[in-house]
$ cat target-v4.csv   # CSV, C-alpha atoms and all ligand atoms
chain,number,residue,atom,x,y,z
A,24,MET,CA,-17.7,-6.0,-18.9
A,25,ARG,CA,-18.8,-2.5,-19.9
A,26,ARG,CA,-22.0,-1.4,-18.1
A,27,LYS,CA,-24.3,0.2,-20.6
A,28,LEU,CA,-25.2,3.8,-20.3
A,29,ALA,CA,-28.3,5.8,-21.4
A,30,ALA,CA,-27.4,9.5,-21.2
A,31,GLY,CA,-29.7,12.5,-21.8
A,32,ASN,CA,-28.6,16.0,-22.7
A,33,TRP,CA,-31.3,18.5,-22.2
A,34,LYS,CA,-29.2,21.3,-23.7
A,35,MET,CA,-30.7,24.8,-23.0
A,36,ASN,CA,-34.1,23.4,-22.3
A,37,GLY,CA,-36.0,23.0,-19.1
A,38,LEU,CA,-37.4,25.1,-16.2
A,39,GLY,CA,-38.3,24.0,-12.8
A,40,ALA,CA,-41.6,22.5,-14.0
A,41,GLY,CA,-39.7,20.2,-16.3
A,42,LEU,CA,-38.2,18.4,-13.3
A,43,SER,CA,-41.4,16.3,-13.2
A,44,GLU,CA,-39.8,14.4,-16.1
A,45,ILE,CA,-37.0,13.3,-13.7
A,46,THR,CA,-39.6,12.2,-11.2
A,47,ALA,CA,-41.4,10.3,-13.9
A,48,LEU,CA,-38.2,8.7,-15.2
A,49,THR,CA,-37.2,7.4,-11.7
A,50,ALA,CA,-40.7,6.1,-11.2
A,51,ALA,CA,-40.7,4.3,-14.6
A,52,HIS,CA,-37.3,2.7,-14.0
A,53,PRO,CA,-37.1,2.0,-10.2
A,54,ASP,CA,-34.3,-0.6,-10.7
A,55,PRO,CA,-32.6,-0.1,-14.0
A,56,SER,CA,-30.2,-2.7,-15.3
A,57,VAL,CA,-28.2,0.0,-17.2
A,58,ASP,CA,-26.6,3.2,-16.0
A,59,LEU,CA,-28.8,6.3,-16.4
A,60,LEU,CA,-27.6,9.9,-16.7
A,61,ILE,CA,-29.5,13.2,-17.2
A,62,CYS,CA,-27.6,16.4,-17.9
A,63,PRO,CA,-30.1,19.2,-17.3
A,64,PRO,CA,-29.2,22.9,-17.6
A,65,ALA,CA,-26.9,24.0,-14.7
A,66,THR,CA,-29.7,25.9,-13.1
A,67,LEU,CA,-31.6,22.7,-12.4
A,68,ILE,CA,-28.7,20.4,-11.3
A,69,ASP,CA,-29.2,20.7,-7.5
A,70,ARG,CA,-32.9,20.3,-7.7
A,71,ALA,CA,-32.6,17.4,-10.2
A,72,ALA,CA,-30.0,15.7,-7.9
A,73,ALA,CA,-32.4,16.1,-4.9
A,74,ILE,CA,-35.2,14.4,-6.9
A,75,ALA,CA,-32.8,11.6,-8.0
A,76,ALA,CA,-31.4,11.0,-4.5
A,77,GLY,CA,-31.7,7.4,-3.5
A,78,HIS,CA,-32.2,6.3,-7.2
A,79,PRO,CA,-29.3,5.2,-9.4
A,80,LEU,CA,-30.1,8.0,-11.9
A,81,MET,CA,-27.0,10.2,-12.2
A,82,ILE,CA,-27.2,14.0,-12.8
A,83,GLY,CA,-24.6,15.7,-14.8
A,84,GLY,CA,-23.5,19.1,-16.2
A,85,GLN,CA,-23.2,20.0,-19.9
A,86,ASP,CA,-19.9,21.8,-19.7
A,87,CYS,CA,-17.4,23.0,-17.2
A,88,HIS,CA,-14.4,25.4,-17.1
A,89,GLY,CA,-10.9,24.0,-17.1
A,90,ASN,CA,-10.0,25.9,-13.9
A,91,THR,CA,-11.2,25.4,-10.3
A,92,ASN,CA,-12.2,29.0,-9.7
A,93,GLY,CA,-11.3,32.5,-10.7
A,94,ALA,CA,-12.2,35.5,-12.8
A,95,HIS,CA,-14.3,33.7,-15.5
A,96,THR,CA,-17.7,35.5,-15.5
A,97,GLY,CA,-20.6,33.2,-16.4
A,98,ASP,CA,-18.6,30.0,-16.3
A,99,THR,CA,-19.0,27.0,-13.9
A,100,SER,CA,-16.2,24.8,-12.6
A,101,ALA,CA,-16.4,21.1,-12.3
A,102,GLN,CA,-16.1,21.4,-8.6
A,103,MET,CA,-19.2,23.6,-8.5
A,104,LEU,CA,-21.1,21.0,-10.6
A,105,ALA,CA,-20.0,18.3,-8.1
A,106,ASP,CA,-21.0,20.5,-5.2
A,107,SER,CA,-24.5,20.9,-6.8
A,108,GLY,CA,-24.9,17.1,-6.9
A,109,ALA,CA,-23.5,16.3,-10.4
A,110,THR,CA,-21.5,13.1,-10.8
A,111,ALA,CA,-20.7,13.6,-14.5
A,112,VAL,CA,-20.2,16.3,-17.1
A,113,ILE,CA,-20.3,16.4,-20.9
A,114,THR,CA,-17.2,18.0,-22.4
A,115,GLY,CA,-16.6,18.9,-26.0
A,116,HIS,CA,-20.1,18.7,-27.3
A,117,SER,CA,-20.2,19.9,-30.9
A,118,GLU,CA,-22.5,22.7,-30.0
A,119,ARG,CA,-19.8,24.0,-27.6
A,120,ARG,CA,-17.0,23.4,-30.2
A,121,THR,CA,-19.0,25.5,-32.7
A,122,ASP,CA,-20.8,28.1,-30.5
A,123,HIS,CA,-17.8,28.8,-28.3
A,124,ASN,CA,-14.9,27.8,-30.6
A,125,GLU,CA,-13.7,25.2,-28.1
A,126,THR,CA,-10.5,23.5,-29.0
A,127,ASP,CA,-9.3,20.0,-28.3
A,128,ALA,CA,-6.8,21.3,-25.8
A,129,GLN,CA,-9.5,23.2,-23.9
A,130,ILE,CA,-11.7,20.1,-23.9
A,131,ALA,CA,-8.8,18.1,-22.5
A,132,ASP,CA,-8.4,20.7,-19.8
A,133,LYS,CA,-12.1,20.6,-19.0
A,134,SER,CA,-12.0,16.8,-18.9
A,135,GLN,CA,-9.1,16.9,-16.5
A,136,ALA,CA,-10.9,19.4,-14.3
A,137,ALA,CA,-13.8,16.9,-14.3
A,138,TYR,CA,-11.6,14.1,-13.1
A,139,ASP,CA,-10.1,16.3,-10.4
A,140,ALA,CA,-13.6,17.0,-9.1
A,141,ASN,CA,-14.4,13.3,-9.2
A,142,LEU,CA,-16.8,13.7,-12.1
A,143,ILE,CA,-17.1,11.3,-15.1
A,144,ALA,CA,-16.3,13.2,-18.3
A,145,VAL,CA,-18.5,12.3,-21.3
A,146,ILE,CA,-16.1,13.5,-24.0
A,147,CYS,CA,-17.8,14.1,-27.4
A,148,ILE,CA,-16.2,13.7,-30.7
A,149,GLY,CA,-17.6,13.5,-34.3
A,150,GLU,CA,-17.2,14.7,-37.8
A,151,THR,CA,-19.1,17.3,-39.8
A,152,LEU,CA,-20.9,16.4,-43.0
A,153,ALA,CA,-18.2,18.1,-45.1
A,154,GLU,CA,-15.6,15.9,-43.3
A,155,ARG,CA,-17.6,12.7,-43.9
A,156,ASP,CA,-18.1,13.6,-47.6
A,157,SER,CA,-14.4,14.2,-48.0
A,158,HIS,CA,-13.6,10.8,-46.4
A,159,THR,CA,-11.7,12.3,-43.5
A,160,THR,CA,-14.0,11.0,-40.7
A,161,LEU,CA,-11.5,8.7,-39.1
A,162,ASP,CA,-8.7,11.3,-39.3
A,163,VAL,CA,-11.0,13.8,-37.5
A,164,ILE,CA,-11.8,11.1,-34.9
A,165,ASP,CA,-8.1,10.5,-34.4
A,166,THR,CA,-7.3,14.2,-34.0
A,167,GLN,CA,-10.1,14.7,-31.5
A,168,LEU,CA,-9.4,11.6,-29.5
A,169,ALA,CA,-5.7,12.5,-29.3
A,170,GLY,CA,-6.3,16.1,-28.4
A,171,SER,CA,-9.5,16.0,-26.2
A,172,VAL,CA,-8.9,12.9,-24.1
A,173,PRO,CA,-6.4,13.4,-21.3
A,174,ASP,CA,-3.6,10.9,-20.7
A,175,THR,CA,-5.2,10.3,-17.3
A,176,ALA,CA,-8.4,8.9,-18.7
A,177,THR,CA,-9.6,5.6,-17.4
A,178,ALA,CA,-12.6,3.4,-17.9
A,179,GLN,CA,-13.9,4.8,-14.6
A,180,ASN,CA,-13.6,8.5,-15.3
A,181,THR,CA,-14.3,8.6,-19.0
A,182,VAL,CA,-17.0,7.9,-21.5
A,183,ILE,CA,-16.5,8.7,-25.2
A,184,ALA,CA,-19.6,9.9,-27.1
A,185,TYR,CA,-19.4,9.5,-30.9
A,186,GLU,CA,-21.7,12.1,-32.3
A,187,PRO,CA,-21.6,12.9,-36.0
A,188,VAL,CA,-22.4,16.6,-36.1
A,189,TRP,CA,-24.7,16.2,-39.1
A,190,ALA,CA,-26.8,13.7,-37.2
A,191,ILE,CA,-27.4,15.9,-34.1
A,192,GLY,CA,-31.0,17.2,-34.0
A,193,THR,CA,-31.5,16.5,-37.7
A,194,GLY,CA,-33.3,13.1,-37.7
A,195,LYS,CA,-30.5,11.8,-39.9
A,196,VAL,CA,-28.6,8.8,-38.7
A,197,PRO,CA,-25.5,7.1,-40.1
A,198,THR,CA,-25.9,3.6,-41.5
A,199,LEU,CA,-25.3,0.9,-38.9
A,200,ASP,CA,-22.1,0.0,-40.9
A,201,GLN,CA,-20.9,3.6,-40.6
A,202,ILE,CA,-21.6,3.6,-36.8
A,203,ALA,CA,-19.8,0.2,-36.5
A,204,GLU,CA,-16.8,1.4,-38.4
A,205,VAL,CA,-16.2,4.5,-36.3
A,206,HIS,CA,-16.9,2.7,-33.0
A,207,ALA,CA,-14.5,-0.1,-33.9
A,208,HIS,CA,-11.9,2.6,-34.8
A,209,ILE,CA,-12.4,4.4,-31.5
A,210,ARG,CA,-12.1,1.1,-29.6
A,211,GLN,CA,-8.8,0.3,-31.4
A,212,ARG,CA,-7.4,3.7,-30.5
A,213,LEU,CA,-8.5,3.5,-26.9
A,214,THR,CA,-7.1,0.0,-26.5
A,215,ALA,CA,-3.8,1.1,-28.0
A,216,ARG,CA,-3.4,4.1,-25.8
A,217,PHE,CA,-4.9,3.2,-22.4
A,218,PRO,CA,-4.3,0.0,-20.3
A,219,ASP,CA,-8.0,-0.3,-19.7
A,220,GLY,CA,-9.1,1.1,-23.1
A,221,ALA,CA,-11.1,-2.0,-23.8
A,222,ASP,CA,-13.4,-1.1,-20.8
A,223,VAL,CA,-14.0,2.5,-21.7
A,224,ARG,CA,-17.7,3.0,-22.7
A,225,ILE,CA,-18.4,4.4,-26.2
A,226,LEU,CA,-21.8,6.0,-26.7
A,227,TYR,CA,-23.5,6.8,-30.0
A,228,GLY,CA,-25.3,10.1,-30.2
A,229,GLY,CA,-27.3,11.9,-32.9
A,230,SER,CA,-31.1,11.5,-33.5
A,231,VAL,CA,-31.4,8.4,-31.3
A,232,LYS,CA,-35.1,7.6,-30.7
A,233,GLY,CA,-37.2,4.8,-29.4
A,234,SER,CA,-37.8,3.7,-33.0
A,235,ASN,CA,-34.1,3.3,-34.0
A,236,ALA,CA,-32.5,2.5,-30.6
A,237,THR,CA,-32.7,-1.3,-30.8
A,238,GLU,CA,-30.8,-1.5,-34.1
A,239,ILE,CA,-28.2,1.0,-33.0
A,240,PHE,CA,-27.6,-0.8,-29.7
A,241,ALA,CA,-27.0,-4.1,-31.6
A,242,VAL,CA,-24.0,-2.6,-33.2
A,243,PRO,CA,-20.7,-3.9,-31.7
A,244,ASP,CA,-18.9,-1.5,-29.4
A,245,VAL,CA,-22.0,0.7,-29.0
A,246,ASP,CA,-22.3,0.8,-25.2
A,247,GLY,CA,-25.3,3.1,-25.0
A,248,ALA,CA,-26.4,6.5,-26.3
A,249,LEU,CA,-26.2,10.2,-25.7
A,250,VAL,CA,-29.6,11.5,-26.4
A,251,GLY,CA,-30.7,15.1,-26.9
A,252,GLY,CA,-34.3,15.8,-28.1
A,253,ALA,CA,-35.7,12.4,-27.1
A,254,SER,CA,-34.4,12.8,-23.5
A,255,LEU,CA,-36.6,15.8,-22.6
A,256,LYS,CA,-39.7,13.7,-21.9
A,257,ALA,CA,-39.7,10.6,-19.8
A,258,ASP,CA,-42.2,9.0,-22.3
A,259,ASP,CA,-39.6,9.4,-25.1
A,260,PHE,CA,-36.5,8.5,-23.1
A,261,SER,CA,-38.1,5.4,-21.5
A,262,PRO,CA,-38.3,3.3,-24.7
A,263,ILE,CA,-34.6,4.0,-25.3
A,264,ILE,CA,-33.7,2.9,-21.8
A,265,ALA,CA,-35.8,-0.3,-22.3
A,266,ALA,CA,-34.1,-1.0,-25.7
A,267,LEU,CA,-30.7,-0.7,-24.0
A,268,GLU,CA,-31.8,-2.9,-21.1
A,269,SER,CA,-32.7,-5.7,-23.6
A,270,ALA,CA,-29.7,-5.2,-25.9
A,301,LIG,P1,-30.2,14.7,-30.6
A,301,LIG,O1,-28.9,15.3,-29.9
A,301,LIG,O2,-30.5,13.4,-29.9
A,301,LIG,O3,-31.3,15.7,-30.4
A,301,LIG,O4,-29.8,14.5,-32.0
A,301,LIG,C1,-27.9,14.5,-29.5
A,301,LIG,C2,-26.8,15.3,-28.7
A,301,LIG,O5,-26.5,16.5,-29.2
A,301,LIG,O6,-26.2,14.9,-27.7

$ encode --input "target-v4.csv" --output "structure tokens"
Amino acid sequence: MRRKLAAGNWKMNGLGAGLSEITALTAAHPDPSVDLLICPPATLIDRAAAIAAGHPLMIGGQDCHGNTNGAHTGDTSAQMLADSGATAVITGHSERRTDHNETDAQIADKSQAAYDANLIAVICIGETLAERDSHTTLDVIDTQLAGSVPDTATAQNTVIAYEPVWAIGTGKVPTLDQIAEVHAHIRQRLTARFPDGADVRILYGGSVKGSNATEIFAVPDVDGALVGGASLKADDFSPIIAALESA
């Protein structure tokens, strides 16, 4: 049985005052029947973790370096995230792949660094609009899965997030058939490669809102969501959590 997961990615949003949203979220969901994860900016991780202490809400990072320490000005290691109270980290988000030219090999290194620090890696994959239009979506997914997911991945240390790049922050969502096709494909690849691939959670991400969450969560092999914009406010994220709890 795969436990469902509602994950929020705050991206480069949030100051100390925004931590009240984490307080509100824990108050609104005192005993959630699904796993919850919020990935605030790195500057807020220790404070967010202190607020979430004693509640099942997990706090995560949005990126980590592939090395444990060293001369990498401005970077944060997985061990540092864990030391700050994180229990998970997003790797390979499309914004990092684009803004920082991250390669699949680097993302695999970051994910391995996450495992070594006892963090869950939420590894993101997904096609651009040009790739979808040229009917290469499944090839892109195969390449990213093969290159970004370490051989040491397990159902415990890894979550895959399928995020079509063209659906992120745009209000555009693939059809339910398109989501189903890609999730089934990812499941097949995970099952073929990993002994416990059937148990690895696969999230959908890209313009998930309270209004479309229920239909997306009804798609087979959708084990939850990675949510950007609608995770910033507890009032917006709560209906998504509720939809997942009743899926
Ligand atoms: P969005 O972002 O929900 O704002 O589309 C999703 C993501 O980038 O993880």

$ atom_distance --input "target-v4.csv" --atom1 "atom CA of A:Glu150" --atom2 "atom CA of A:Ser134"
19.7 Å

$ atom_distance --input "target-v4.csv" --atom1 "atom CA of A:Ile74" --atom2 "atom CA of A:Val223"
28.5 Å

$ closest_atom_pairs --input "target-v4.csv" --of "stretch 176-219 of chain A" --to "stretch 112-129 of chain A" --cutoff "12 Å" --atoms "all atoms listed in the file" --output "JSON lines"
{"residue": "A:Asn180", "atom": "CA", "partner": "A:Val112", "partner_atom": "CA", "distance": 10.4}
{"residue": "A:Thr181", "atom": "CA", "partner": "A:Val112", "partner_atom": "CA", "distance": 9.9}
{"residue": "A:Val182", "atom": "CA", "partner": "A:Ile113", "partner_atom": "CA", "distance": 9.1}
{"residue": "A:Ile183", "atom": "CA", "partner": "A:Ile113", "partner_atom": "CA", "distance": 9.6}
{"residue": "A:Ala184", "atom": "CA", "partner": "A:His116", "partner_atom": "CA", "distance": 8.8}
{"residue": "A:Tyr185", "atom": "CA", "partner": "A:His116", "partner_atom": "CA", "distance": 9.9}
{"residue": "A:Glu186", "atom": "CA", "partner": "A:Ser117", "partner_atom": "CA", "distance": 8.1}
{"residue": "A:Pro187", "atom": "CA", "partner": "A:Ser117", "partner_atom": "CA", "distance": 8.8}
{"residue": "A:Val188", "atom": "CA", "partner": "A:Ser117", "partner_atom": "CA", "distance": 6.5}
{"residue": "A:Trp189", "atom": "CA", "partner": "A:Ser117", "partner_atom": "CA", "distance": 10.1}
{"residue": "A:Ala190", "atom": "CA", "partner": "A:Ser117", "partner_atom": "CA", "distance": 11.0}
{"residue": "A:Ile191", "atom": "CA", "partner": "A:Ser117", "partner_atom": "CA", "distance": 8.8}
{"residue": "A:Gly192", "atom": "CA", "partner": "A:Glu118", "partner_atom": "CA", "distance": 10.9}

$ write_last_selection --input "target-v4.csv" --atoms "C-alpha atoms" --output "mmCIF file, in the coordinates of the input"
data_model
loop_
_atom_site.group_PDB
_atom_site.id
_atom_site.type_symbol
_atom_site.label_atom_id
_atom_site.label_comp_id
_atom_site.auth_asym_id
_atom_site.auth_seq_id
_atom_site.Cartn_x
_atom_site.Cartn_y
_atom_site.Cartn_z
ATOM 1 C CA ASN A 180 -13.600 8.500 -15.300
ATOM 2 C CA THR A 181 -14.300 8.600 -19.000
ATOM 3 C CA VAL A 182 -17.000 7.900 -21.500
ATOM 4 C CA ILE A 183 -16.500 8.700 -25.200
ATOM 5 C CA ALA A 184 -19.600 9.900 -27.100
ATOM 6 C CA TYR A 185 -19.400 9.500 -30.900
ATOM 7 C CA GLU A 186 -21.700 12.100 -32.300
ATOM 8 C CA PRO A 187 -21.600 12.900 -36.000
ATOM 9 C CA VAL A 188 -22.400 16.600 -36.100
ATOM 10 C CA TRP A 189 -24.700 16.200 -39.100
ATOM 11 C CA ALA A 190 -26.800 13.700 -37.200
ATOM 12 C CA ILE A 191 -27.400 15.900 -34.100
ATOM 13 C CA GLY A 192 -31.000 17.200 -34.000
#

$ residues_around --input "target-v4.csv" --residues "A:Leu59" --least-positions-apart "4" --cutoff "7 Å" --atoms "only C-alpha atoms" --output "number ranges by chain"
A: 28-30, 80-81

$ closest_residue --input "target-v4.csv" --among "A:Ala72, A:Ile45, A:Leu226, A:Val231" --to "ligand LIG 301 (chain A)" --atoms "all atoms listed in the file"
A:Val231

$ closest_residue --input "target-v4.csv" --among "A:Gly108, A:Pro79, A:Gly251, A:Gly194" --to "ligand LIG 301 (chain A)" --atoms "all atoms listed in the file"
A:Gly251

$ residues_around --input "target-v4.csv" --residues "A:Met103" --least-positions-apart "4" --cutoff "9 Å" --atoms "all atoms listed in the file" --output "compact mmCIF listing (two decimals) with C-alpha atoms, in the frame of the given file"
# COMPACT_ATOMS: atom_id res chain seq x y z
CA CYS A 87 -17.40 23.00 -17.20
CA THR A 91 -11.20 25.40 -10.30
CA ASN A 92 -12.20 29.00 -9.70
CA THR A 99 -19.00 27.00 -13.90
CA SER A 107 -24.50 20.90 -6.80
CA GLY A 108 -24.90 17.10 -6.90
CA ALA A 109 -23.50 16.30 -10.40
CA ALA A 140 -13.60 17.00 -9.10

$ closest_residue --input "target-v4.csv" --among "A:Lys27, A:Lys34, A:Arg224, A:His78" --to "ligand LIG 301 (chain A)" --atoms "only C-alpha atoms and all ligand atoms"
A:Lys34

$ closest_residue --input "target-v4.csv" --among "A:Gln102, A:Thr159, A:Thr193, A:Gln179" --to "ligand LIG 301 (chain A)" --atoms "only C-alpha atoms and all ligand atoms"
A:Thr193

$ atom_distance --input "target-v4.csv" --atom1 "atom CA of A:Ala101" --atom2 "atom CA of A:Pro173"
15.5 Å

$ residues_near_point --input "target-v4.csv" --point "(-27.4, 19.1, -12.0)" --cutoff "8 Å" --atoms "all atoms listed in the file" --output "list of chain:residue names"
A:Cys62, A:Pro63, A:Pro64, A:Ala65, A:Thr66, A:Leu67, A:Ile68, A:Asp69, A:Arg70, A:Ala71, A:Ala72, A:Ile82, A:Gly83, A:Gly84, A:Leu104, A:Ser107, A:Gly108, A:Ala109

$ closest_residue --input "target-v4.csv" --among "A:Ala207, A:Ala153, A:Ala257, A:Ile148" --to "ligand LIG 301 (chain A)" --atoms "only C-alpha atoms and all ligand atoms"
A:Ile148
